[in-house]
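Asks: What follows is a structure written as structure tokens; I'll ask about it next.
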Amino acid sequence: KIFNETDTATEEKDFVLHVFKVPIKNNFEWEKHKEVLLECAKDACLEYMEQASDFFKKFAQKKQVDSPTVEPRVNIKFDTANHLFLIVRICVPVKKRGSIEQEITNNYLRKTNLT
């Protein structure tokens with residue numbers, strides 16, 4: 001069962017599974033980009049991990065579904081033969097999803113010298 005984050009998370013203490021894409025060139029550096037992006041996501045989400053885990057455990061029990069993993073993750077999807085999307089999935093407070101996405105993106109760009 002899939003829950004729309006805007007339908008299920010309404011209170012300030014609620015958490016959401018937030019997903020966003022980062023486009024990169026498909027070249028020999030894709031692994032470095034994935035590694036750096038994951039590191040940035042983990043750094044940005046570290047302070048919320050325990051709270052997010054507790055929130056999703058309670059949510060899963062209430063809805064009788066499996067609790068999602070709250071560890072940030074980065075998956076890869078092909079866009080074209082020359083481009084990839086790094087798909088970032090994070091568990092964050094509802095009110096901070098935009099600012100945390102920007103924090104991750106900015107730190108990623110700084111660390112990969114793309115700015």
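Within each chain, counting starts at residue 1; across the structure tokens, chains are named A, B, ... in the order shown, with ligands numbered 1 upward in that order.
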Give me the residues near Met49 (chain A) as a list in words, where near means some atom within 8 Å (using only C-alpha atoms) and where sequence neighbours in that chain fewer than 3 positions away do not count.

Replies: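 That gives Cys45, Leu46, Ala52, Ser53, Val70, Glu71 and Cys91 of chain A.
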
Asks: Mind checking DSSP for chain A and telling me the helix (DSSP H, G or I) residues as a ChimeraX atom specification?

Replies: /A:5-8,30-63,94-111

Asks: Assign secondary structure with DSSP using the backbone only, and return the residues of chain A in strand (DSSP E) as number ranges by chain.

Replies: A: 15-25, 73-80, 83-93

Asks: Which residues come within 7 Å of region 23-27 of chain A, counting only C-alpha atoms, excluding same-chain residues fewer than 2 positions away, as a ChimeraX atom specification?

Replies: /A:21,29-30,82-86

Asks: With only C-alpha atoms as the basis for distance, which of A:Val19, A:Lys95, A:Pro68, A:His33 is at the shortest distance from Leu109 (chain A)?

Replies: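 Closest residue, counting only C-alpha atoms: A:His33.
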
Asks: Go through A:Lys13, A:His18, A:Arg97, A:Lys34 one by one, measure the shortest atom-to-atom distance of each to Val74 (chain A) using only C-alpha atoms, and give the residue with the smallest value.

Replies: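 Result for the nearest residue to Val74 (chain A): A:Lys34.
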
Asks: Neighbours of Pro93 (chain A) within 7 Å (only C-alpha atoms; same-chain residues fewer than 6 positions away dropped), as a list of chain:residue names?

Replies: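 Final neighbour list, sorted by chain and number: A:Lys13, A:Asp14, A:Phe15, A:Val16.
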